>>> print(open('my_file-v4.cif').read())   # mmCIF, C-alpha atoms
data_target
loop_
_atom_site.group_PDB
_atom_site.id
_atom_site.type_symbol
_atom_site.label_atom_id
_atom_site.label_comp_id
_atom_site.auth_asym_id
_atom_site.auth_seq_id
_atom_site.Cartn_x
_atom_site.Cartn_y
_atom_site.Cartn_z
ATOM 1 C CA ASN A 14 88.193 79.718 177.996
ATOM 2 C CA ARG A 15 86.126 77.500 175.743
ATOM 3 C CA THR A 16 84.002 80.497 174.755
ATOM 4 C CA THR A 17 87.074 82.576 173.952
ATOM 5 C CA PHE A 18 88.593 79.738 171.914
ATOM 6 C CA SER A 19 85.380 79.313 169.920
ATOM 7 C CA LEU A 20 85.232 83.026 169.105
ATOM 8 C CA ILE A 21 88.850 83.012 167.900
ATOM 9 C CA VAL A 22 88.266 79.963 165.676
ATOM 10 C CA THR A 23 85.081 81.480 164.240
ATOM 11 C CA GLN A 24 86.868 84.772 163.485
ATOM 12 C CA GLN A 25 89.708 82.940 161.733
ATOM 13 C CA ILE A 26 87.267 80.928 159.619
ATOM 14 C CA THR A 27 85.382 84.110 158.653
ATOM 15 C CA THR A 28 88.620 85.882 157.712
ATOM 16 C CA ALA A 29 89.743 82.907 155.578
ATOM 17 C CA ALA A 30 86.372 82.733 153.815
ATOM 18 C CA THR A 31 86.481 86.477 153.044
ATOM 19 C CA ALA A 32 90.002 86.187 151.619
ATOM 20 C CA THR A 33 88.999 83.189 149.503
ATOM 21 C CA THR A 34 85.965 85.047 148.099
ATOM 22 C CA ALA A 35 88.043 88.136 147.254
ATOM 23 C CA ALA A 36 90.673 86.014 145.514
ATOM 24 C CA ALA A 37 88.056 84.195 143.476
ATOM 25 C CA GLN A 38 86.444 87.485 142.387
ATOM 26 C CA SER A 39 89.814 88.882 141.301
ATOM 27 C CA GLN A 40 90.444 85.940 138.953
ATOM 28 C CA PRO A 41 89.451 86.404 135.260
ATOM 29 C CA ARG A 42 86.327 84.555 134.228
ATOM 30 C CA LEU A 43 86.359 81.650 131.859
ATOM 31 C CA PRO A 44 84.414 81.759 128.583
ATOM 32 C CA SER A 45 80.929 80.337 129.056
ATOM 33 C CA HIS A 46 81.648 77.306 126.855
ATOM 34 C CA LEU A 47 84.568 76.299 129.100
ATOM 35 C CA VAL A 48 82.856 76.535 132.491
ATOM 36 C CA SER A 49 82.439 73.177 134.237
ATOM 37 C CA THR A 50 81.532 72.083 137.747
ATOM 38 C CA PRO A 51 84.625 71.705 139.937
ATOM 39 C CA ARG A 52 85.287 68.285 141.373
ATOM 40 C CA GLN A 53 85.248 67.586 145.086
ATOM 41 C CA THR A 54 88.855 66.938 145.973
ATOM 42 C CA THR A 55 90.356 64.929 148.791
ATOM 43 C CA SER A 56 93.906 64.334 149.806
ATOM 44 C CA GLY A 57 94.897 64.047 146.103
ATOM 45 C CA THR A 58 94.209 67.746 145.451
ATOM 46 C CA SER A 59 97.842 68.687 145.110
ATOM 47 C CA GLY A 60 98.368 65.955 142.514
ATOM 48 C CA THR A 61 95.398 67.176 140.461
ATOM 49 C CA THR A 62 96.652 70.755 140.546
ATOM 50 C CA LEU A 63 100.107 69.651 139.463
ATOM 51 C CA THR A 64 98.683 67.750 136.482
ATOM 52 C CA ALA A 65 96.668 70.790 135.289
ATOM 53 C CA THR A 66 99.675 73.068 135.726
ATOM 54 C CA THR A 67 101.904 70.761 133.692
ATOM 55 C CA SER A 68 99.300 70.516 130.887
ATOM 56 C CA PHE A 69 98.903 74.265 130.618
ATOM 57 C CA SER A 70 102.634 74.923 130.774
ATOM 58 C CA SER A 71 103.203 72.770 127.689
ATOM 59 C CA ILE A 72 100.331 74.403 125.774
ATOM 60 C CA LEU A 73 101.337 77.945 126.661
ATOM 61 C CA SER A 74 105.000 77.376 125.792
ATOM 62 C CA SER A 75 104.079 76.003 122.332
ATOM 63 C CA SER A 76 101.757 78.864 121.448
ATOM 64 C CA SER A 77 103.577 81.812 123.059
ATOM 65 C CA SER A 78 105.454 82.609 119.849
ATOM 66 C CA HIS A 79 102.239 83.429 117.918
ATOM 67 C CA ASN A 80 100.640 86.198 119.907
ATOM 68 C CA GLY A 81 101.731 87.854 123.153
ATOM 69 C CA GLN A 82 98.275 89.167 123.979
ATOM 70 C CA GLN A 83 96.742 85.752 123.391
ATOM 71 C CA GLN A 84 99.384 84.209 125.671
ATOM 72 C CA THR A 85 98.369 86.522 128.548
ATOM 73 C CA GLN A 86 94.729 85.519 128.116
ATOM 74 C CA GLN A 87 95.701 81.856 128.019
ATOM 75 C CA GLN A 88 97.645 82.196 131.260
ATOM 76 C CA GLN A 89 94.617 83.813 132.928
ATOM 77 C CA TYR A 90 92.385 80.985 131.743
ATOM 78 C CA ALA A 91 94.951 78.492 132.999
ATOM 79 C CA SER A 92 95.086 80.028 136.468
ATOM 80 C CA VAL A 93 91.305 79.984 136.728
ATOM 81 C CA ALA A 94 91.145 76.368 135.583
ATOM 82 C CA ILE A 95 93.813 75.381 138.083
ATOM 83 C CA GLY A 96 91.882 77.233 140.782
ATOM 84 C CA THR A 97 88.865 75.042 140.097
ATOM 85 C CA ARG A 98 91.093 71.978 140.562
ATOM 86 C CA SER A 99 89.330 70.308 137.635
ATOM 87 C CA VAL A 100 91.372 68.227 135.199
ATOM 88 C CA ASP A 101 88.471 68.078 132.710
ATOM 89 C CA THR A 102 88.183 71.878 132.624
ATOM 90 C CA ALA A 103 91.932 72.252 132.196
ATOM 91 C CA ALA A 104 91.976 69.748 129.334
ATOM 92 C CA ALA A 105 89.062 71.485 127.591
ATOM 93 C CA ILE A 106 90.755 74.879 127.826
ATOM 94 C CA ALA A 107 94.055 73.423 126.652
ATOM 95 C CA ALA A 108 92.406 71.936 123.550
ATOM 96 C CA THR A 109 90.590 75.197 122.760
ATOM 97 C CA ILE A 110 93.759 77.277 123.128
ATOM 98 C CA ALA A 111 95.722 74.929 120.890
ATOM 99 C CA THR A 112 92.998 75.019 118.220
ATOM 100 C CA ASP A 113 92.702 78.834 118.293
ATOM 101 C CA ALA A 114 96.480 79.297 118.124
ATOM 102 C CA SER A 115 96.761 76.931 115.165
ATOM 103 C CA SER A 116 93.860 78.623 113.365
ATOM 104 C CA ASN A 117 95.250 82.126 113.909
ATOM 105 C CA CYS A 118 98.696 81.070 112.770
ATOM 106 C CA SER A 119 97.346 79.399 109.591
ATOM 107 C CA SER A 120 95.199 82.434 108.751
ATOM 108 C CA SER A 121 98.136 84.797 109.215
ATOM 109 C CA LEU A 122 100.423 82.658 107.055
ATOM 110 C CA HIS A 123 97.755 82.393 104.310
ATOM 111 C CA SER A 124 97.276 86.183 104.186
ATOM 112 C CA THR A 125 101.027 86.771 104.067
ATOM 113 C CA ASN A 126 101.537 84.197 101.323
ATOM 114 C CA THR A 127 98.681 85.650 99.242
ATOM 115 C CA ALA A 128 100.048 89.200 99.456
ATOM 116 C CA THR A 129 103.562 87.998 98.616
ATOM 117 C CA THR A 130 102.331 86.006 95.617
ATOM 118 C CA THR A 131 100.318 88.959 94.266
ATOM 119 C CA SER A 132 103.302 91.287 94.654
ATOM 120 C CA ASN A 133 105.635 88.834 92.932
ATOM 121 C CA LEU A 134 103.200 88.379 90.034
ATOM 122 C CA SER A 135 102.902 92.153 89.547
ATOM 123 C CA ILE A 136 106.676 92.577 89.538
ATOM 124 C CA ALA A 137 107.138 89.679 87.117
ATOM 125 C CA LYS A 138 104.438 91.023 84.798
ATOM 126 C CA ARG A 139 105.975 94.478 84.783
ATOM 127 C CA ARG A 140 109.433 93.104 84.018
ATOM 128 C CA ASN A 141 108.020 91.021 81.174
ATOM 129 C CA ILE A 142 106.261 94.043 79.648
ATOM 130 C CA ASN A 143 109.407 96.183 79.861
ATOM 131 C CA LEU A 144 111.407 93.406 78.235
ATOM 132 C CA LEU A 145 108.923 93.128 75.352
ATOM 133 C CA ILE A 146 108.948 96.903 74.811
ATOM 134 C CA ASP A 147 112.755 96.998 74.793
ATOM 135 C CA GLN A 148 112.918 94.119 72.333
ATOM 136 C CA CYS A 149 110.408 95.822 70.070
ATOM 137 C CA GLU A 150 112.312 99.103 70.141
ATOM 138 C CA SER A 151 115.639 97.389 69.447
ATOM 139 C CA THR A 152 114.278 95.971 66.176
ATOM 140 C CA ARG A 153 116.075 97.780 63.389
ATOM 141 C CA PHE A 154 117.014 96.179 60.084
ATOM 142 C CA ILE A 155 117.528 92.683 58.782
ATOM 143 C CA PRO A 156 119.788 91.855 55.827
ATOM 144 C CA THR A 157 118.226 90.315 52.742
ATOM 145 C CA PRO A 158 120.035 87.376 51.070
ATOM 146 C CA PHE A 159 122.109 88.025 47.944
ATOM 147 C CA SER A 160 121.715 91.751 48.361
ATOM 148 C CA LYS A 161 123.539 94.587 50.025
ATOM 149 C CA ASN A 162 120.255 96.323 50.753
ATOM 150 C CA LYS A 163 118.705 96.076 54.178
ATOM 151 C CA LYS A 164 115.020 95.518 54.793
ATOM 152 C CA ARG A 165 113.315 97.218 57.704
ATOM 153 C CA LYS A 166 111.703 94.714 60.064
ATOM 154 C CA LYS A 167 108.204 95.562 61.271
ATOM 155 C CA LYS A 168 108.020 96.386 64.939
ATOM 156 C CA THR A 169 105.379 94.268 66.623
ATOM 157 C CA LEU A 170 104.399 94.443 70.296
ATOM 158 C CA LEU A 171 102.338 91.474 71.528
ATOM 159 C CA LEU A 172 100.791 91.970 74.969
ATOM 160 C CA SER A 173 98.018 89.398 74.588
ATOM 161 C CA ASN A 174 96.570 87.430 77.528
ATOM 162 C CA MET A 175 98.704 89.148 80.161
ATOM 163 C CA ASN A 176 95.844 89.872 82.558
ATOM 164 C CA LEU A 177 96.139 93.614 82.006
ATOM 165 C CA THR A 178 93.569 96.240 82.937
ATOM 166 C CA SER A 179 93.110 99.577 81.180
ATOM 167 C CA ASN A 180 95.266 101.293 83.795
ATOM 168 C CA GLU A 181 98.051 98.776 83.248
ATOM 169 C CA VAL A 182 98.354 99.234 79.494
ATOM 170 C CA PRO A 183 101.925 100.594 79.122
ATOM 171 C CA ILE A 184 100.972 103.231 76.561
ATOM 172 C CA GLN A 185 103.033 105.909 78.319
ATOM 173 C CA ASP A 186 106.102 103.682 78.212
ATOM 174 C CA ILE A 187 105.508 102.960 74.523
ATOM 175 C CA VAL A 188 105.214 106.645 73.689
ATOM 176 C CA ASN A 189 108.306 107.553 75.702
ATOM 177 C CA THR A 190 110.488 104.709 74.394
ATOM 178 C CA GLY A 191 112.557 105.772 71.422
ATOM 179 C CA THR A 192 110.471 106.229 68.285
ATOM 180 C CA LEU A 193 107.835 103.580 68.952
ATOM 181 C CA SER A 194 105.004 106.119 68.808
ATOM 182 C CA THR A 195 105.687 106.596 65.094
ATOM 183 C CA THR A 196 107.375 103.306 64.101
ATOM 184 C CA LEU A 197 105.274 100.673 65.883
ATOM 185 C CA TYR A 198 103.581 98.555 63.231
ATOM 186 C CA LYS A 199 101.333 96.223 65.241
ATOM 187 C CA LEU A 200 99.986 96.252 68.783
ATOM 188 C CA SER A 201 97.995 93.349 70.205
ATOM 189 C CA LEU A 202 96.161 93.594 73.519
ATOM 190 C CA SER A 203 93.727 90.742 72.895
ATOM 191 C CA GLY A 204 92.563 88.622 75.793
ATOM 192 C CA ASN A 205 92.951 91.317 78.470
ATOM 193 C CA ALA A 206 89.980 92.556 80.492
ATOM 194 C CA LEU A 207 90.442 96.212 79.554
ATOM 195 C CA ILE A 208 86.726 97.194 79.747
ATOM 196 C CA TYR A 209 87.604 100.454 77.933
ATOM 197 C CA LEU A 210 90.409 101.810 75.735
ATOM 198 C CA PRO A 211 92.680 104.502 77.210
ATOM 199 C CA HIS A 212 92.472 107.846 75.400
ATOM 200 C CA LEU A 213 96.242 107.999 74.920
ATOM 201 C CA LEU A 214 96.196 104.617 73.201
ATOM 202 C CA VAL A 215 94.022 105.782 70.282
ATOM 203 C CA THR A 216 95.547 109.256 69.891
ATOM 204 C CA SER A 217 99.324 108.804 70.319
ATOM 205 C CA LEU A 218 100.379 105.997 67.957
ATOM 206 C CA SER A 219 100.443 107.834 64.650
ATOM 207 C CA GLY A 220 102.401 105.134 62.814
ATOM 208 C CA LEU A 221 100.373 102.109 63.946
ATOM 209 C CA LYS A 222 98.840 100.004 61.168
ATOM 210 C CA LEU A 223 97.365 97.007 63.023
ATOM 211 C CA LEU A 224 95.518 97.171 66.342
ATOM 212 C CA ASP A 225 94.049 94.051 67.933
ATOM 213 C CA VAL A 226 91.803 94.614 70.953
ATOM 214 C CA SER A 227 89.590 91.561 70.541
ATOM 215 C CA GLN A 228 88.284 89.689 73.598
ATOM 216 C CA CYS A 229 88.892 92.673 75.888
ATOM 217 C CA GLU A 230 85.350 92.970 77.327
ATOM 218 C CA LEU A 231 84.942 96.398 75.718
ATOM 219 C CA LYS A 232 81.493 97.926 76.112
ATOM 220 C CA SER A 233 82.040 101.178 74.215
ATOM 221 C CA LEU A 234 84.635 102.950 72.083
ATOM 222 C CA PRO A 235 86.301 106.366 72.442
ATOM 223 C CA GLU A 236 84.810 109.018 70.166
ATOM 224 C CA LYS A 237 88.076 110.685 69.226
ATOM 225 C CA TRP A 238 90.716 108.646 67.387
ATOM 226 C CA ASP A 239 93.900 109.871 65.738
ATOM 227 C CA MET A 240 95.477 106.974 63.853
ATOM 228 C CA PRO A 241 96.111 108.269 60.334
ATOM 229 C CA LYS A 242 97.872 105.077 59.171
ATOM 230 C CA LEU A 243 95.755 102.393 60.832
ATOM 231 C CA GLU A 244 94.627 99.819 58.269
ATOM 232 C CA ARG A 245 93.289 96.938 60.366
ATOM 233 C CA LEU A 246 91.201 97.189 63.529
ATOM 234 C CA ASP A 247 90.063 94.045 65.337
ATOM 235 C CA LEU A 248 87.232 94.637 67.804
ATOM 236 C CA GLY A 249 85.811 91.114 67.731
ATOM 237 C CA HIS A 250 84.351 89.224 70.697
ATOM 238 C CA ASN A 251 83.584 92.204 72.894
ATOM 239 C CA LYS A 252 80.366 93.707 74.293
ATOM 240 C CA ILE A 253 80.116 96.752 72.034
ATOM 241 C CA ARG A 254 76.539 97.879 71.313
ATOM 242 C CA GLU A 255 77.069 100.742 68.872
ATOM 243 C CA PHE A 256 78.808 100.962 65.532
ATOM 244 C CA PRO A 257 81.755 103.422 65.404
ATOM 245 C CA CYS A 258 80.532 107.009 65.218
ATOM 246 C CA GLU A 259 81.434 109.549 62.550
ATOM 247 C CA LYS A 260 83.954 111.332 64.751
ATOM 248 C CA MET A 261 85.819 108.090 65.366
ATOM 249 C CA LEU A 262 85.868 107.160 61.683
ATOM 250 C CA GLN A 263 87.293 110.565 60.791
ATOM 251 C CA GLY A 264 90.389 109.635 62.761
ATOM 252 C CA LEU A 265 90.808 106.402 60.752
ATOM 253 C CA PRO A 266 91.118 107.598 57.138
ATOM 254 C CA GLU A 267 93.185 104.574 55.957
ATOM 255 C CA LEU A 268 91.037 101.867 57.559
ATOM 256 C CA LYS A 269 90.743 98.830 55.263
ATOM 257 C CA HIS A 270 89.684 95.975 57.534
ATOM 258 C CA LEU A 271 87.214 96.311 60.405
ATOM 259 C CA ASP A 272 86.338 93.227 62.430
ATOM 260 C CA MET A 273 83.437 93.539 64.886
ATOM 261 C CA TYR A 274 82.448 89.879 64.981
ATOM 262 C CA GLY A 275 80.609 88.664 68.092
ATOM 263 C CA ASN A 276 79.416 91.932 69.643
ATOM 264 C CA SER A 277 75.953 93.286 70.499
ATOM 265 C CA ILE A 278 75.458 95.817 67.689
ATOM 266 C CA ARG A 279 71.788 96.324 66.754
ATOM 267 C CA SER A 280 72.034 98.991 64.077
ATOM 268 C CA ILE A 281 74.537 100.801 61.863
ATOM 269 C CA HIS A 282 74.420 104.541 61.310
ATOM 270 C CA LEU A 283 76.841 105.628 58.621
ATOM 271 C CA PRO A 284 77.442 109.352 58.003
ATOM 272 C CA THR A 285 75.914 110.718 54.820
ATOM 273 C CA ALA A 286 76.112 114.206 53.342
ATOM 274 C CA PRO A 287 72.800 116.137 53.246
ATOM 275 C CA PRO A 288 71.421 116.765 49.737
ATOM 276 C CA SER A 289 71.632 120.544 50.171
ATOM 277 C CA LEU A 290 75.421 120.484 50.419
ATOM 278 C CA SER A 291 77.668 121.031 47.441
ATOM 279 C CA SER A 292 79.166 118.111 45.559
ATOM 280 C CA SER A 293 82.584 118.740 47.144
ATOM 281 C CA SER A 294 81.107 118.596 50.644
ATOM 282 C CA ALA A 295 79.200 115.457 49.764
ATOM 283 C CA SER A 296 82.405 113.940 48.431
ATOM 284 C CA ASN A 297 84.195 114.705 51.707
ATOM 285 C CA GLY A 298 81.342 113.160 53.643
ATOM 286 C CA SER A 299 81.494 109.967 51.617
ATOM 287 C CA LYS A 300 85.248 109.564 52.174
ATOM 288 C CA LEU A 301 84.616 107.952 55.532
ATOM 289 C CA LEU A 302 85.245 104.223 55.139
ATOM 290 C CA SER A 303 85.956 104.837 51.441
ATOM 291 C CA LYS A 304 89.019 102.547 51.634
ATOM 292 C CA LEU A 305 87.257 99.837 53.586
ATOM 293 C CA GLU A 306 87.769 96.435 51.971
ATOM 294 C CA SER A 307 86.301 94.067 54.551
ATOM 295 C CA LEU A 308 83.743 94.467 57.335
ATOM 296 C CA ASN A 309 82.917 91.555 59.627
ATOM 297 C CA LEU A 310 79.682 91.976 61.568
ATOM 298 C CA GLY A 311 78.863 88.318 62.118
ATOM 299 C CA TYR A 312 77.121 87.235 65.300
ATOM 300 C CA ASN A 313 75.627 90.601 66.207
ATOM 301 C CA ALA A 314 72.014 91.635 66.751
ATOM 302 C CA LEU A 315 71.488 93.442 63.414
ATOM 303 C CA SER A 316 68.030 93.473 61.869
ATOM 304 C CA ILE A 317 68.820 95.569 58.775
ATOM 305 C CA LEU A 318 71.828 96.807 56.829
ATOM 306 C CA PRO A 319 72.105 100.370 55.505
ATOM 307 C CA LEU A 320 71.952 100.771 51.731
ATOM 308 C CA THR A 321 75.410 102.317 51.647
ATOM 309 C CA LEU A 322 76.871 98.939 52.654
ATOM 310 C CA CYS A 323 74.972 96.980 50.012
#
>>> encode(input="my_file-v4.cif", output="structure tokens")
Amino acid sequence: NRTTFSLIVTQQITTAATATTAAAQSQPRLPSHLVSTPRQTTSGTSGTTLTATTSFSSILSSSSSHNGQQQTQQQQYASVAIGTRSVDTAAAIAATIATDASSNCSSSLHSTNTATTTSNLSIAKRRNINLLIDQCESTRFIPTPFSKNKKRKKKTLLLSNMNLTSNEVPIQDIVNTGTLSTTLYKLSLSGNALIYLPHLLVTSLSGLKLLDVSQCELKSLPEKWDMPKLERLDLGHNKIREFPCEKMLQGLPELKHLDMYGNSIRSIHLPTAPPSLSSSSASNGSKLLSKLESLNLGYNALSILPLTLC
């Protein structure tokens, strides 16, 4: 009987040990930085387990609204920690979970706020530009005192320092708004990082007389211009290395004031008519810049001036 009883007890112990091992293997593993040595427990084991369970319940309930997948992982970590019956391990995991949840939530809120701010700024900038264009187009006549005659007010569009790029220049809107393409008197785009001038900008405003594109980080200029009435062109404080070419100057027959102060121009090549050509051809060749009254080339890298400018 004693032998039989011993065999039964041994079999039960073996079965219990196998079940305990299988249950432990089925539990998810803790991250390496959270693994600690379980404490040896006595009759107070149930109290320790209750404390760990209460701690994790509060942490999981506070962070469950941030990420469902993260909550599942937290619950797995909690069950493993409770299985070890270690209050220190449970506390360490609880602190880590709280920190990660807070960090993820802050990062998500920051990204959302940044995207919202950028979108709002773009919408506000677009509305402001449309308002300025509409105001410019609505400019008609102003009465002069002591006279029945009306004086036409010059249409001026100021888009300076609006953080515009070349793709954001509203040239298409200007061309398609009323008669601005032929009646716009002045356009200022100074202080915007354009890098280059859109082709439509220098070929579609036939009535423009003043164009200010200073401080726009321009590195080069379009070759083809079509501004038959342009009188003043401000290209100062850019990064231009070459003086306007002959083809560009042909599109600016009325140019009187050219400002290229503070660029990186090293030499000036003005078009001249070859001696073999007739006097009429030579006269046509010399018409380029013939109406020029002022040329500002201060703070460039010039070493010599052409005789035609002396």
>>> atom_distance(input="my_file-v4.cif", atom1="atom CA of A:Ser203", atom2="atom CA of A:Ser179")
12.1 Å
>>> closest_residue(input="my_file-v4.cif", among="A:Asn251, A:Thr169, A:Thr178, A:Gln228", to="A:Leu200", atoms="all atoms listed in the file")
A:Thr169
>>> resolve_selection(input="my_file-v4.cif", expression="the PyMOL selection byres ((chain A and resi 143) around 12)", output="mmCIF file with C-alpha atoms, in the frame of the given file")
data_model
loop_
_atom_site.group_PDB
_atom_site.id
_atom_site.type_symbol
_atom_site.label_atom_id
_atom_site.label_comp_id
_atom_site.auth_asym_id
_atom_site.auth_seq_id
_atom_site.Cartn_x
_atom_site.Cartn_y
_atom_site.Cartn_z
ATOM 1 C CA ILE A 136 106.676 92.577 89.538
ATOM 2 C CA ALA A 137 107.138 89.679 87.117
ATOM 3 C CA LYS A 138 104.438 91.023 84.798
ATOM 4 C CA ARG A 139 105.975 94.478 84.783
ATOM 5 C CA ARG A 140 109.433 93.104 84.018
ATOM 6 C CA ASN A 141 108.020 91.021 81.174
ATOM 7 C CA ILE A 142 106.261 94.043 79.648
ATOM 8 C CA LEU A 144 111.407 93.406 78.235
ATOM 9 C CA LEU A 145 108.923 93.128 75.352
ATOM 10 C CA ILE A 146 108.948 96.903 74.811
ATOM 11 C CA ASP A 147 112.755 96.998 74.793
ATOM 12 C CA GLN A 148 112.918 94.119 72.333
ATOM 13 C CA CYS A 149 110.408 95.822 70.070
ATOM 14 C CA GLU A 150 112.312 99.103 70.141
ATOM 15 C CA LEU A 170 104.399 94.443 70.296
ATOM 16 C CA LEU A 171 102.338 91.474 71.528
ATOM 17 C CA LEU A 172 100.791 91.970 74.969
ATOM 18 C CA VAL A 182 98.354 99.234 79.494
ATOM 19 C CA PRO A 183 101.925 100.594 79.122
ATOM 20 C CA ILE A 184 100.972 103.231 76.561
ATOM 21 C CA GLN A 185 103.033 105.909 78.319
ATOM 22 C CA ASP A 186 106.102 103.682 78.212
ATOM 23 C CA ILE A 187 105.508 102.960 74.523
ATOM 24 C CA THR A 190 110.488 104.709 74.394
#
>>> resolve_selection(input="my_file-v4.cif", expression="the PyMOL selection byres ((chain A and resi 201) around 12)", output="VMD selection string")
chain A and resid 168 to 175 177 182 197 to 200 202 to 205 214 221 to 229 245 to 248
>>> resolve_selection(input="my_file-v4.cif", expression="the PyMOL selection byres ((chain A and resi 244) around 10)", output="list of chain:residue names")
A:Leu221, A:Lys222, A:Leu223, A:Leu224, A:Met240, A:Pro241, A:Lys242, A:Leu243, A:Arg245, A:Leu246, A:Leu265, A:Pro266, A:Glu267, A:Leu268, A:Lys269, A:His270, A:Leu271, A:Lys304, A:Leu305, A:Glu306
>>> closest_residue(input="my_file-v4.cif", among="A:Leu302, A:Leu308, A:Leu234, A:Ile317", to="A:Ser280", atoms="all atoms listed in the file")
A:Ile317
>>> atom_distance(input="my_file-v4.cif", atom1="atom CA of A:Pro319", atom2="atom CA of A:Ile281")
6.8 Å
>>> atom_distance(input="my_file-v4.cif", atom1="atom CA of A:Pro257", atom2="atom CA of A:Trp238")
10.6 Å
